[in-house]
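Note: the block below is protein-v7.pdb and it holds PDB, C-alpha atoms.
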```pdb
ATOM      1  CA  MET M   9      68.052  85.934  65.201
ATOM      2  CA  ARG M  10      66.949  89.478  64.400
ATOM      3  CA  HIS M  11      69.023  91.412  61.849
ATOM      4  CA  MET M  12      69.050  95.111  60.968
ATOM      5  CA  ALA M  13      70.239  96.688  57.734
ATOM      6  CA  LEU M  14      71.390 100.229  57.178
ATOM      7  CA  ASP M  15      71.518 102.060  53.861
ATOM      8  CA  VAL M  16      73.823 104.926  54.829
ATOM      9  CA  GLY M  17      73.585 108.037  52.693
ATOM     10  CA  ASP M  18      74.906 111.550  53.075
ATOM     11  CA  GLU M  19      71.594 112.897  54.416
ATOM     12  CA  ARG M  20      69.518 109.871  55.425
ATOM     13  CA  ILE M  21      69.939 106.337  56.722
ATOM     14  CA  GLY M  22      67.416 103.768  55.605
ATOM     15  CA  VAL M  23      66.711 101.139  58.253
ATOM     16  CA  ALA M  24      65.239  97.666  57.788
ATOM     17  CA  LEU M  25      64.647  94.764  60.166
ATOM     18  CA  SER M  26      64.272  91.055  59.733
ATOM     19  CA  ASP M  27      61.610  89.004  61.410
ATOM     20  CA  GLN M  28      62.598  87.015  64.520
ATOM     21  CA  SER M  29      63.533  83.997  62.426
ATOM     22  CA  GLY M  30      65.938  86.018  60.286
ATOM     23  CA  PHE M  31      64.043  84.973  57.170
ATOM     24  CA  LEU M  32      62.228  88.071  55.849
ATOM     25  CA  ALA M  33      63.237  91.735  55.736
ATOM     26  CA  ARG M  34      60.969  94.770  55.937
ATOM     27  CA  PRO M  35      61.603  98.502  55.796
ATOM     28  CA  LEU M  36      61.419 100.162  59.206
ATOM     29  CA  GLU M  37      62.262 103.858  59.093
ATOM     30  CA  ILE M  38      64.522 106.606  57.850
ATOM     31  CA  ILE M  39      66.894 108.396  60.197
ATOM     32  CA  ALA M  40      68.362 111.804  59.409
ATOM     33  CA  ARG M  41      72.158 111.739  59.213
ATOM     34  CA  ARG M  42      73.340 114.838  60.999
ATOM     35  CA  PRO M  43      76.568 115.751  62.765
ATOM     36  CA  GLY M  44      76.638 114.475  66.320
ATOM     37  CA  PRO M  45      75.390 111.294  67.948
ATOM     38  CA  SER M  46      71.618 111.535  67.304
ATOM     39  CA  SER M  47      71.500 108.915  64.540
ATOM     40  CA  PHE M  48      73.791 106.591  66.496
ATOM     41  CA  VAL M  49      71.549 106.919  69.534
ATOM     42  CA  ARG M  50      68.427 106.163  67.478
ATOM     43  CA  ILE M  51      70.052 103.051  65.994
ATOM     44  CA  ALA M  52      71.057 101.917  69.498
ATOM     45  CA  GLU M  53      67.418 102.391  70.596
ATOM     46  CA  ILE M  54      66.210 100.209  67.702
ATOM     47  CA  ILE M  55      68.793  97.552  68.575
ATOM     48  CA  ALA M  56      67.545  97.458  72.175
ATOM     49  CA  GLN M  57      63.853  97.655  71.271
ATOM     50  CA  TYR M  58      63.932  94.793  68.749
ATOM     51  CA  GLY M  59      66.776  92.688  70.136
ATOM     52  CA  VAL M  60      68.945  93.103  67.036
ATOM     53  CA  GLU M  61      71.894  90.724  67.019
ATOM     54  CA  LEU M  62      73.597  91.706  63.739
ATOM     55  CA  ILE M  63      73.775  94.850  61.606
ATOM     56  CA  VAL M  64      74.231  94.595  57.846
ATOM     57  CA  VAL M  65      75.508  97.818  56.304
ATOM     58  CA  GLY M  66      75.196  98.394  52.581
ATOM     59  CA  LEU M  67      78.574  99.135  51.032
ATOM     60  CA  PRO M  68      78.120 101.431  48.015
ATOM     61  CA  LEU M  69      80.864 100.081  45.782
ATOM     62  CA  MET M  70      81.546 101.573  42.365
ATOM     63  CA  PRO M  71      80.183  99.634  39.367
ATOM     64  CA  ASP M  72      83.619  98.035  38.850
ATOM     65  CA  GLY M  73      83.731  96.941  42.517
ATOM     66  CA  SER M  74      86.232  99.560  43.634
ATOM     67  CA  GLU M  75      85.735 101.807  46.648
ATOM     68  CA  GLY M  76      84.993 105.497  46.148
ATOM     69  CA  GLU M  77      84.213 108.461  48.362
ATOM     70  CA  GLN M  78      80.786 107.137  49.391
ATOM     71  CA  VAL M  79      82.373 103.913  50.717
ATOM     72  CA  ARG M  80      84.796 105.992  52.798
ATOM     73  CA  SER M  81      81.865 108.019  54.139
ATOM     74  CA  THR M  82      79.953 104.842  55.008
ATOM     75  CA  ARG M  83      82.946 103.292  56.760
ATOM     76  CA  ALA M  84      83.496 106.519  58.738
ATOM     77  CA  TYR M  85      79.853 106.467  59.819
ATOM     78  CA  VAL M  86      80.126 102.828  60.918
ATOM     79  CA  ALA M  87      83.275 103.661  62.906
ATOM     80  CA  GLY M  88      81.194 106.172  64.863
ATOM     81  CA  LEU M  89      78.319 103.727  65.207
ATOM     82  CA  THR M  90      80.554 101.130  66.857
ATOM     83  CA  GLN M  91      80.894 103.523  69.802
ATOM     84  CA  HIS M  92      77.122 103.219  70.403
ATOM     85  CA  ALA M  93      76.211  99.732  69.176
ATOM     86  CA  ASP M  94      77.704  96.602  70.674
ATOM     87  CA  VAL M  95      76.588  94.097  68.039
ATOM     88  CA  PRO M  96      78.520  92.619  65.115
ATOM     89  CA  ILE M  97      78.461  94.722  61.945
ATOM     90  CA  VAL M  98      79.028  93.289  58.472
ATOM     91  CA  TYR M  99      79.174  94.992  55.094
ATOM     92  CA  TRP M 100      77.135  93.915  52.079
ATOM     93  CA  ASP M 101      77.638  94.987  48.470
ATOM     94  CA  GLU M 102      74.690  97.252  47.783
ATOM     95  CA  ARG M 103      75.237  97.953  44.096
ATOM     96  CA  LEU M 104      71.863  98.232  42.357
ATOM     97  CA  THR M 105      69.783  98.157  45.568
ATOM     98  CA  THR M 106      68.423 101.675  45.050
ATOM     99  CA  PHE M 107      67.413 100.660  41.525
ATOM    100  CA  ARG M 108      65.671  97.551  42.920
ATOM    101  CA  ALA M 109      63.982  99.668  45.597
ATOM    102  CA  ARG M 110      62.604 102.006  42.935
ATOM    103  CA  GLU M 111      61.306  99.022  40.979
ATOM    104  CA  ILE M 112      59.532  97.748  44.101
ATOM    105  CA  ILE M 113      57.965 101.151  44.748
ATOM    106  CA  ALA M 114      56.805 101.419  41.136
ATOM    107  CA  GLU M 115      55.234  97.955  41.365
ATOM    108  CA  GLN M 116      53.474  98.859  44.624
ATOM    109  CA  GLU M 117      52.129 102.086  43.153
ATOM    110  CA  SER M 118      50.900 100.255  40.076
ATOM    111  CA  VAL M 119      49.098  97.615  42.157
ATOM    112  CA  ARG M 120      47.503 100.298  44.335
ATOM    113  CA  GLY M 121      46.350 102.287  41.324
ATOM    114  CA  ARG M 122      48.747 105.156  41.939
ATOM    115  CA  GLY M 123      51.103 104.215  39.174
ATOM    116  CA  GLY M 124      49.733 106.768  36.769
ATOM    117  CA  ARG M 125      51.779 109.312  34.915
ATOM    118  CA  ARG M 126      54.072 111.555  36.882
ATOM    119  CA  LYS M 127      56.359 114.364  35.953
ATOM    120  CA  THR M 128      59.610 113.158  34.498
ATOM    121  CA  GLY M 129      62.917 114.329  35.872
ATOM    122  CA  THR M 130      61.580 114.946  39.376
ATOM    123  CA  ARG M 131      61.227 112.789  42.406
ATOM    124  CA  SER M 132      59.618 114.030  45.540
ATOM    125  CA  GLY M 133      61.530 114.040  48.804
ATOM    126  CA  LYS M 134      58.940 111.654  50.225
ATOM    127  CA  ARG M 135      59.619 109.113  47.484
ATOM    128  CA  ARG M 136      63.410 109.426  47.916
ATOM    129  CA  ARG M 137      62.982 108.771  51.645
ATOM    130  CA  ARG M 138      60.882 105.722  50.910
ATOM    131  CA  ASP M 139      63.623 104.529  48.564
ATOM    132  CA  ASP M 140      66.113 104.606  51.449
ATOM    133  CA  ALA M 141      64.121 102.319  53.741
ATOM    134  CA  ILE M 142      63.189  99.948  50.928
ATOM    135  CA  ALA M 143      66.817  99.879  49.749
ATOM    136  CA  ALA M 144      67.814  98.858  53.292
ATOM    137  CA  ALA M 145      65.227  96.061  53.127
ATOM    138  CA  VAL M 146      66.625  94.914  49.764
ATOM    139  CA  ILE M 147      70.151  94.861  51.228
ATOM    140  CA  LEU M 148      68.940  92.867  54.207
ATOM    141  CA  GLN M 149      66.868  90.420  52.171
ATOM    142  CA  GLU M 150      69.819  89.709  49.881
ATOM    143  CA  TYR M 151      72.007  89.093  52.927
ATOM    144  CA  LEU M 152      69.396  86.826  54.537
ATOM    145  CA  ASP M 153      68.865  84.873  51.337
ATOM    146  CA  GLU M 154      72.605  84.308  50.980
ATOM    147  CA  HIS M 155      73.215  83.381  54.628
ATOM    148  CA  SER M 156      70.079  81.667  55.873
ATOM    149  CA  GLY M 157      68.531  79.990  52.879
ATOM    150  CA  GLY M 158      65.681  82.487  52.701
ATOM    151  CA  PRO M 159      63.516  83.006  49.635
ATOM    152  CA  THR M 160      65.293  83.766  46.409
ATOM    153  CA  PRO M 161      64.182  86.669  44.234
TER     154      PRO M 161
END
```

Full structure transcribed into structure tokens:
Amino acid sequence: MRHMALDVGDERIGVALSDQSGFLARPLEIIARRPGPSSFVRIAEIIAQYGVELIVVGLPLMPDGSEGEQVRSTRAYVAGLTQHADVPIVYWDERLTTFRAREIIAEQESVRGRGGRRKTGTRSGKRRRRDDAIAAAVILQEYLDEHSGGPTP
């Protein structure tokens, strides 16, 4: 069973897919979140192209577990998505996934020899975009591990 995860932000949506067995997650792409149906249409295309049977949406809860403005924004986005995607959608607590995504990126850069010094206090737009797709993969992998007995971190 193929799963998709979405990390829904105000400007971008990170997308990740599982393998056919529903065991491993990988980042796929970043979709711009703009007014209108374009992001919904792109997600529907991915669903059709890969045969996605379930969407896992990261729910950005507050540190204490309560729901803030970002959760309301995410739920509103998913309400619109349901008009374009006819697959089950579940929410997954995404607290700390962006932090984990940044750790993964830092590890990858270090292994590839690009982990040298960088300016503090700045992050390029390219790196932020990469964070979104990797965060979606972290959300999906956590979901898969919990629900299908996949590898544990």

Original post:
Which of these, M:Asp15, M:Ile97, M:Pro43, M:Pro35, has the shortest distance to Val79 of chain M once you count all atoms listed in the file?
Top reply: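 Ranking M:Asp15, M:Ile97, M:Pro43, M:Pro35 by distance to Val79 of chain M, first place goes to M:Asp15.
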
Original post:
Using the chain letters and numbers from the file, which residues does the PyMOL selection byres ((chain M and resi 145) around 8) grab, as a PyMOL selection string?
Top reply: chain M and resi 13+23-25+33-35+141-144+146-149

Original post:
Pick from M:Pro45, M:Gly76, M:Gly59, M:Pro71: nearest to Leu89 of chain M, with only C-alpha atoms counted?
Top reply: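 Ranked by minimum distance to Leu89 of chain M, first place goes to M:Pro45.
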
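One finds atom CA of Thr105 of chain M at 19.4 Å from atom CA of Arg41 of chain M.
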
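With distances restricted to only C-alpha atoms, M:Asp140 is the closest residue to Gly22 of chain M from M:Asp140, M:Gln91, M:Ala52, M:Glu154.
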
**OP:** Could you tell me how far atom CA of Ala87 of chain M lies from atom CA of Asp139 of chain M, in Å and to one decimal?
**Re:** 24.3 Å

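Going from atom CA of Ile112 of chain M to atom CA of Leu69 of chain M covers 21.5 Å.
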
**OP:** Identify which of the residues M:Val49, M:Leu14, M:Ala40, M:Leu32 lies closest to Val65 of chain M, counting all atoms listed in the file when measuring atom-to-atom distances.
**Re:**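 Using all atoms listed in the file, Val65 of chain M sits closest to M:Leu14.
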
Original post:
Residues picked by the PyMOL selection byres ((chain M and resi 80) around 12) here, as a PyMOL selection string?
Top reply: chain M and resi 16-18+67-70+74-79+81-87

Subject >> Which of M:Ser47, M:Ser26, M:Gln57, M:Ser156 sits closest to Gly88 of chain M [using all atoms listed in the file] >> reply: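 Ranking M:Ser47, M:Ser26, M:Gln57, M:Ser156 by distance to Gly88 of chain M, first place goes to M:Ser47.
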